[in-house]
Structure formats: C-alpha cells, structure tokens
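**Q** I'm passing along start_5.cif; it holds mmCIF, C-alpha atoms.
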data_structure
loop_
_atom_site.label_atom_id
_atom_site.label_comp_id
_atom_site.auth_asym_id
_atom_site.auth_seq_id
_atom_site.Cartn_x
_atom_site.Cartn_y
_atom_site.Cartn_z
CA MET A 1 -50.08 8.79 -17.61
CA ASN A 2 -51.84 6.72 -14.99
CA LEU A 3 -50.32 5.54 -11.72
CA THR A 4 -49.96 1.92 -12.84
CA LYS A 5 -47.86 2.91 -15.84
CA ILE A 6 -45.64 5.14 -13.69
CA ILE A 7 -45.06 2.30 -11.25
CA ARG A 8 -44.14 -0.04 -14.12
CA ILE A 9 -41.68 2.49 -15.57
CA VAL A 10 -40.06 3.11 -12.19
CA SER A 11 -39.84 -0.62 -11.49
CA LEU A 12 -38.27 -1.29 -14.90
CA THR A 13 -35.77 1.53 -14.39
CA VAL A 14 -34.76 0.18 -10.98
CA PHE A 15 -34.44 -3.32 -12.44
CA LEU A 16 -32.23 -2.11 -15.29
CA VAL A 17 -30.01 -0.05 -12.98
CA CYS A 18 -29.58 -2.97 -10.57
CA THR A 19 -28.87 -5.38 -13.40
CA ALA A 20 -26.26 -3.02 -14.84
CA ALA A 21 -24.63 -2.66 -11.42
CA ILE A 22 -24.46 -6.44 -11.00
CA ILE A 23 -22.92 -6.86 -14.46
CA VAL A 24 -20.30 -4.18 -13.73
CA TYR A 25 -19.50 -5.86 -10.39
CA LEU A 26 -19.12 -9.30 -11.98
CA ILE A 27 -16.89 -7.98 -14.75
CA SER A 28 -14.75 -6.05 -12.26
CA SER A 29 -14.51 -9.07 -9.96
CA ALA A 30 -13.46 -11.36 -12.83
CA LYS A 31 -10.86 -8.84 -13.98
CA GLU A 32 -9.36 -8.55 -10.50
CA LYS A 33 -9.20 -12.33 -10.10
CA GLN A 34 -7.42 -12.60 -13.46
CA THR A 35 -4.96 -9.92 -12.39
CA ASN A 36 -4.15 -11.91 -9.27
CA GLU A 37 -3.54 -15.00 -11.40
CA ASP A 38 -1.29 -13.00 -13.72
CA VAL A 39 0.80 -11.84 -10.76
CA ARG A 40 1.14 -15.41 -9.48
CA ASP A 41 2.46 -16.40 -12.91
CA LEU A 42 5.36 -13.97 -12.41
CA LYS A 43 6.74 -16.16 -9.62
CA ASN A 44 9.61 -18.45 -10.53
CA ASN A 45 9.68 -17.13 -14.11
CA GLY A 46 13.46 -17.26 -14.39
CA THR A 47 14.12 -13.60 -13.69
CA LYS A 48 17.20 -12.81 -11.59
CA VAL A 49 17.47 -9.76 -9.32
CA PRO A 50 20.42 -9.28 -6.93
CA GLU A 51 19.50 -10.00 -3.27
CA VAL A 52 15.91 -10.91 -4.18
CA LEU A 53 14.79 -14.54 -3.85
CA ASP A 54 14.49 -16.17 -7.28
CA GLU A 55 10.87 -17.10 -6.52
CA TYR A 56 9.89 -13.43 -6.30
CA ALA A 57 12.40 -11.79 -8.63
CA GLY A 58 9.95 -11.71 -11.55
CA VAL A 59 7.28 -10.09 -9.37
CA TYR A 60 9.69 -7.47 -8.04
CA ALA A 61 11.01 -6.73 -11.52
CA GLU A 62 7.46 -5.95 -12.66
CA ASN A 63 6.70 -3.68 -9.69
CA HIS A 64 9.39 -2.49 -7.28
CA ASP A 65 6.79 -1.87 -4.56
CA THR A 66 6.64 -5.64 -4.09
CA ILE A 67 7.82 -6.52 -0.60
CA GLY A 68 6.66 -10.10 -0.12
CA TRP A 69 4.10 -12.83 -0.49
CA LEU A 70 1.43 -14.06 1.94
CA LYS A 71 -0.11 -17.54 1.83
CA ILE A 72 -2.40 -19.29 4.30
CA ASP A 73 -3.31 -22.93 3.76
CA GLY A 74 -7.03 -23.68 3.80
CA THR A 75 -7.91 -20.23 2.49
CA ALA A 76 -7.84 -18.34 -0.81
CA ILE A 77 -5.14 -16.04 0.61
CA ASP A 78 -2.18 -16.41 -1.75
CA TYR A 79 -1.20 -12.89 -2.75
CA VAL A 80 1.62 -10.49 -3.38
CA VAL A 81 2.16 -7.91 -0.61
CA MET A 82 3.04 -4.32 -1.47
CA TYR A 83 4.91 -1.60 0.43
CA ALA A 84 4.79 2.07 -0.53
CA PRO A 85 5.58 4.08 2.63
CA ASP A 86 5.84 7.37 0.74
CA GLU A 87 2.35 7.00 -0.79
CA ILE A 88 -0.06 6.27 2.04
CA GLU A 89 -2.71 3.69 1.13
CA LYS A 90 -1.53 3.65 -2.49
CA TYR A 91 -2.78 0.10 -2.91
CA LEU A 92 -6.08 0.54 -1.09
CA ARG A 93 -7.91 0.71 -4.45
CA THR A 94 -5.06 0.09 -6.87
CA ASP A 95 -3.98 -3.26 -8.28
CA PHE A 96 -0.46 -4.55 -8.85
CA TYR A 97 -0.31 -2.96 -12.30
CA GLY A 98 -1.47 0.47 -11.16
CA ASN A 99 -5.07 0.16 -12.33
CA HIS A 100 -8.11 1.02 -10.26
CA ALA A 101 -9.39 -2.06 -8.44
CA THR A 102 -11.99 -2.26 -5.68
CA GLY A 103 -10.01 -4.99 -3.96
CA GLY A 104 -6.68 -3.20 -4.25
CA CYS A 105 -3.70 -5.22 -3.00
CA LEU A 106 -2.48 -6.45 0.33
CA PHE A 107 -0.08 -3.84 1.69
CA VAL A 108 2.21 -3.23 4.66
CA ASP A 109 1.49 -0.31 7.00
CA GLU A 110 3.51 2.75 6.01
CA TYR A 111 4.94 3.08 9.53
CA CYS A 112 6.47 -0.38 9.46
CA ASP A 113 10.06 -1.02 8.44
CA ILE A 114 10.32 -4.40 6.80
CA ASP A 115 13.79 -4.96 8.28
CA THR A 116 13.53 -3.52 11.78
CA SER A 117 9.89 -3.43 12.92
CA ASP A 118 9.00 -5.99 15.55
CA ASN A 119 5.40 -5.96 14.31
CA LEU A 120 4.63 -6.00 10.59
CA ILE A 121 1.02 -5.00 9.89
CA ILE A 122 -0.58 -6.10 6.61
CA TYR A 123 -3.93 -4.70 5.51
CA GLY A 124 -6.40 -6.17 3.04
CA HIS A 125 -10.05 -5.71 2.11
CA ASN A 126 -12.76 -8.09 3.30
CA MET A 127 -14.16 -8.63 -0.20
CA HIS A 128 -17.65 -10.05 -0.75
CA ASN A 129 -16.35 -12.14 -3.66
CA GLY A 130 -14.05 -14.04 -1.31
CA THR A 131 -10.78 -12.46 -2.44
CA MET A 132 -8.10 -10.54 -0.55
CA PHE A 133 -8.65 -10.91 3.23
CA ALA A 134 -12.22 -12.24 3.17
CA ASP A 135 -11.02 -15.66 4.34
CA LEU A 136 -9.38 -14.24 7.47
CA LEU A 137 -12.85 -14.48 8.98
CA LYS A 138 -12.52 -18.27 8.86
CA TYR A 139 -10.38 -17.80 11.97
CA GLU A 140 -13.51 -16.90 13.92
CA SER A 141 -13.80 -20.66 14.27
CA GLU A 142 -11.56 -22.15 16.94
CA ASP A 143 -11.50 -25.46 15.08
CA PHE A 144 -10.27 -23.78 11.90
CA GLY A 145 -7.74 -21.64 13.74
CA LEU A 146 -6.18 -24.53 15.61
CA GLU A 147 -6.04 -26.63 12.43
CA HIS A 148 -4.43 -23.81 10.42
CA ARG A 149 -1.94 -22.35 12.86
CA THR A 150 0.80 -21.67 10.32
CA ILE A 151 0.90 -18.49 8.24
CA HIS A 152 3.47 -18.19 5.47
CA PHE A 153 4.81 -14.69 4.93
CA ASP A 154 7.94 -14.33 2.85
CA THR A 155 9.65 -11.04 2.22
CA ILE A 156 11.35 -10.80 -1.18
CA TYR A 157 14.59 -11.45 0.71
CA GLU A 158 13.74 -14.23 3.20
CA LYS A 159 11.18 -16.99 3.72
CA HIS A 160 9.41 -17.19 7.07
CA ASP A 161 6.62 -19.06 8.82
CA TYR A 162 4.52 -17.63 11.64
CA GLU A 163 2.31 -19.36 14.21
CA LEU A 164 -1.11 -18.10 15.23
CA VAL A 165 -1.24 -16.26 18.54
CA ALA A 166 -4.75 -14.80 18.46
CA ALA A 167 -7.83 -13.96 16.41
CA ILE A 168 -9.45 -10.74 17.59
CA TYR A 169 -12.43 -8.49 16.94
CA THR A 170 -11.65 -4.85 17.70
CA ASP A 171 -12.50 -1.33 16.61
CA LEU A 172 -10.48 1.12 14.55
CA ASP A 173 -10.73 3.93 17.10
CA GLY A 174 -10.03 1.95 20.22
CA ASP A 175 -9.01 3.62 23.47
CA GLU A 176 -8.08 2.59 26.98
CA GLU A 177 -11.72 1.75 27.71
CA THR A 178 -12.92 0.06 24.54
CA GLY A 179 -9.86 -1.19 22.72
CA PHE A 180 -6.19 -0.89 21.80
CA ARG A 181 -4.93 0.99 18.74
CA TYR A 182 -3.16 -2.07 17.37
CA TYR A 183 -2.30 -0.23 14.14
CA GLU A 184 -0.04 2.15 16.10
CA TYR A 185 2.04 -0.67 17.53
CA VAL A 186 4.86 -1.46 15.10
CA GLY A 187 7.49 -2.50 17.62
CA ALA A 188 8.38 -3.00 21.24
CA ASN A 189 9.65 0.52 21.89
CA ASP A 190 9.64 -0.15 25.58
CA GLU A 191 8.56 -2.78 28.08
CA GLU A 192 5.36 -0.90 28.97
CA SER A 193 4.05 -0.69 25.38
CA PHE A 194 4.81 -4.36 24.80
CA GLU A 195 2.94 -5.32 27.98
CA LYS A 196 -0.07 -3.23 26.88
CA TYR A 197 -0.05 -4.99 23.51
CA CYS A 198 0.06 -8.42 25.17
CA ASP A 199 -2.71 -7.40 27.58
CA PHE A 200 -4.88 -6.31 24.61
CA ILE A 201 -4.37 -9.72 23.01
CA GLU A 202 -5.14 -11.69 26.15
CA LYS A 203 -8.32 -9.74 26.88
CA ASN A 204 -9.70 -9.88 23.34
CA ARG A 205 -8.62 -13.20 21.78
CA LEU A 206 -11.57 -15.29 20.64
CA TYR A 207 -10.00 -18.51 21.89
CA ASP A 208 -6.84 -19.83 23.47
CA THR A 209 -4.26 -20.95 20.90
CA GLY A 210 -1.76 -22.01 23.54
CA VAL A 211 0.70 -19.43 22.14
CA THR A 212 1.70 -16.17 23.80
CA LEU A 213 4.08 -13.43 22.78
CA ARG A 214 7.48 -13.11 24.37
CA PRO A 215 9.80 -10.10 24.41
CA GLY A 216 11.91 -10.13 21.25
CA ASP A 217 9.31 -11.96 19.13
CA ARG A 218 8.86 -10.82 15.53
CA ILE A 219 5.14 -10.29 15.12
CA LEU A 220 2.83 -10.37 12.10
CA THR A 221 -0.60 -8.68 12.27
CA LEU A 222 -3.16 -9.22 9.50
CA SER A 223 -6.01 -6.70 9.50
CA THR A 224 -9.32 -6.46 7.63
CA CYS A 225 -12.73 -4.86 8.04
CA SER A 226 -15.53 -6.58 9.93
CA TYR A 227 -19.11 -5.54 10.43
CA HIS A 228 -19.70 -6.03 14.14
CA SER A 229 -19.44 -2.22 14.49
CA ASP A 230 -19.16 0.84 12.25
CA ASP A 231 -15.36 0.82 12.47
CA GLY A 232 -14.94 -2.86 13.23
CA ARG A 233 -11.78 -4.75 12.42
CA PHE A 234 -10.85 -8.42 12.53
CA ILE A 235 -7.16 -9.15 13.08
CA LEU A 236 -4.87 -12.12 13.34
CA VAL A 237 -1.73 -11.90 15.42
CA ALA A 238 1.11 -14.37 14.80
CA ARG A 239 4.71 -14.81 15.92
CA ARG A 240 7.63 -15.79 13.71
CA LEU A 241 8.88 -19.30 14.17
CA ASP A 242 12.49 -18.77 13.06
#
Would you mind writing the file's structure down as structure tokens?

**A**
Amino acid sequence: MNLTKIIRIVSLTVFLVCTAAIIVYLISSAKEKQTNEDVRDLKNNGTKVPEVLDEYAGVYAENHDTIGWLKIDGTAIDYVVMYAPDEIEKYLRTDFYGNHATGGCLFVDEYCDIDTSDNLIIYGHNMHNGTMFADLLKYESEDFGLEHRTIHFDTIYEKHDYELVAAIYTDLDGDEETGFRYYEYVGANDEESFEKYCDFIEKNRLYDTGVTLRPGDRILTLSTCSYHSDDGRFILVARRLD
C-alpha cells in the first residue's frame, strides 16, 4: 500500500469519526432542548401540592428535587432549578428526568439552605449550544447588564426578584492573593466574612451597577465556567428586592 493511499484512508477515517461526533452532539443537544421544553410544559398544568405554588406544583410532583425556577429577560435562561444536598452534584450531568445529559440541570449548592442561607448559589454549565448558563456571559457587557438588572428566581414556595450587584470573573481556587472562594460563602456568619465578601465584589466587579450589598441582604449568586483561566468562573451577584 503506497503512502498516498494510506493518507487517504486516514483522512477518510478522521472525517467519518468527526462527522459521527458532530451527529451525536446535535442529536444530544436537540434531545436536551426538548427535555427543557417538556419541563416548562409542567408549569401551571393544574396540579395541586400543599404549600407549593400552583405554577410549580406540576414540576415538583414530577421530581421532588425541584426547588425553584430561574428566568432572566433578554437571555435563554428560563429553567427549573434543582436541589439535592444529599447527592453532591447529582444534576451536573443528569437531566430533570434522571437521564444522562451533558448540560445537566441548574442546581443549588449543597451547602445552601433554601430557607435560611443569606447567599443562594446556583450552578449551571456554560454550554456551547447556548443553553443552561451560556447567556450569563452576556453580562460581560455593561450595557446589557444595566439594561437587564432584574433576575427572577422563584422558589417553589415564594416568588422573588433580585437586582444585579456585580458581574465578576474569578477562579475556582481563589485565595487571599488571587481571589475569594465565593462558593464557600453561603451566609453572613459574622461581620468579618461579610466584609470580605463585599470587598471581593468591589475589587472584581466588571463595572459599577450602582448597587452594593448591605448587611441582612438576601443574596443570589449564579456561577458558570469561563475560559479566561484553567479554573475560571464567571459569576453574577444579585440582591433580593423584597
């Protein structure tokens, strides 16, 4: 077999493998998008569950890990939020129905308590197909951030709006020199930790929103991967309005 024929065979093999990978990705992406639509259809479906808002009763009845719903105008973010504190990162690669999914679900940090934590942290993947938390990166733009200050996060028990405090690039393994471990801050345990959190925000915010945190605020942190460093993260910090 001459060299030219070998090169053609190798090239064809690479082409076929790449084509197959693209097809698998497109099918998986379409399936995940359909799943998200199916979950949205469970809202306001007439189901009644004691203490759960009627809007989300059908979603909760289908999966008791449901803890809320997140929606941000001007983005594709309009998703159920899960909470499984006894199964760490359960929804990292699992969809609402328990099937494997690259995009997983939005989920609340296992160390948060939905009722008592001063800072609720929600994680989501930065998906290349634009789903999950990909659109958080729109908040890199000051113009977009100031025009879309309001973030809607309802628990299954109460409806709430939050206002944007900051958009921040940081690193997963931050320290006193390079960053703040925002994912360890779930509440104002003391005045010193709250002040450190506020200092982290002020030093790292991409632009001034005109909003600062005050002691006693209920905080929402949205976190996704970014690619400015190996362990880069992009986060939004918001404070509850009511």

**Q** Can you check which parts of segment 107-152 of chain A lie within 12 Å of segment 231-237 of chain A? Per residue, the shortest pair of atoms and distance in Å to one decimal, counting all atoms listed in the file, sorted by chain and number, as a tab-separated table.

**A**
residue	atom	partner	partner_atom	distance
A:Asn119	CA	A:Val237	CA	9.3
A:Leu120	CA	A:Val237	CA	9.9
A:Ile121	CA	A:Val237	CA	9.3
A:Ile122	CA	A:Ile235	CA	9.7
A:Tyr123	CA	A:Ile235	CA	9.4
A:Gly124	CA	A:Ile235	CA	10.5
A:His125	CA	A:Arg233	CA	10.5
A:Asn126	CA	A:Phe234	CA	9.4
A:Phe133	CA	A:Phe234	CA	9.9
A:Ala134	CA	A:Phe234	CA	10.2
A:Asp135	CA	A:Phe234	CA	10.9
A:Leu136	CA	A:Leu236	CA	7.7
A:Leu137	CA	A:Phe234	CA	7.3
A:Lys138	CA	A:Phe234	CA	10.6
A:Tyr139	CA	A:Leu236	CA	8.0
A:Glu140	CA	A:Phe234	CA	9.0
A:Gly145	CA	A:Leu236	CA	10.0
A:Arg149	CA	A:Leu236	CA	10.7
A:Thr150	CA	A:Val237	CA	11.3
A:Ile151	CA	A:Leu236	CA	10.0

**Q** List as a PyMOL selection string the protein and nucleic acid residues near Gly103 of chain A, meaning an atom at most 10 Å away when all atoms listed in the file are counted, but skip any in the same chain fewer than 3 places from it.

**A** chain A and resi 28-29+32-33+91-95+100+106+124-129+131-133

**Q** Identify all residues satisfying the PyMOL selection byres ((chain A and resi 211) around 9) in the given file; provide them as a list in words.

**A**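 Written out, the selection comes to Glu163, Leu164, Val165, Ala166, Asp208, Thr209, Gly210, Thr212, Leu213, Ala238 and Arg239 of chain A.
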
**Q** Restricting the calculation to only C-alpha atoms: of A:Asn99, A:Val52, A:Glu142, A:Tyr157, which residue gets closest to Lys31 of chain A?

**A**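 Checking each candidate against Lys31 of chain A, we get A:Asn99 as the closest.
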
**Q** So, with only C-alpha atoms as the atoms that count, which of A:Leu70, A:Leu220, A:Ile201, A:Val81 lies closest to Phe153 of chain A?

**A**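 Among the listed residues, A:Leu70 lies closest to Phe153 of chain A.
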
**Q** Measuring between only C-alpha atoms, which one of A:Ile156, A:Gln34, A:Ala76, A:Ser229 shows the shortest distance to Ala61 of chain A?

**A**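 Of the candidates, the smallest distance to Ala61 of chain A is held by A:Ile156.
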
**Q** Rounded to one decimal place, report the atom CA of Tyr227 of chain A-atom CA of Glu184 of chain A distance in Å.

**A**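 The value is 21.3 Å.
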
**Q** Which of these, A:Arg40, A:Lys48, A:His160, A:Arg240, has the shortest distance to Val80 of chain A once you count only C-alpha atoms?

**A** A:Arg40

**Q** Counting all atoms listed in the file, which residue out of A:Tyr111, A:Trp69, A:Tyr97, A:Tyr162 sits closest to Ala84 of chain A?

**A** A:Tyr111

**Q** Just to confirm, what's the straight-line distance from atom CA of Leu206 of chain A to atom CA of Val186 of chain A in Å (one decimal)?

**A** 22.2 Å

**Q** To one decimal place in Å, what is the distance between atom CA of Glu87 of chain A and atom CA of Asn45 of chain A?

**A**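 Computing it gives 28.5 Å between the two atoms.
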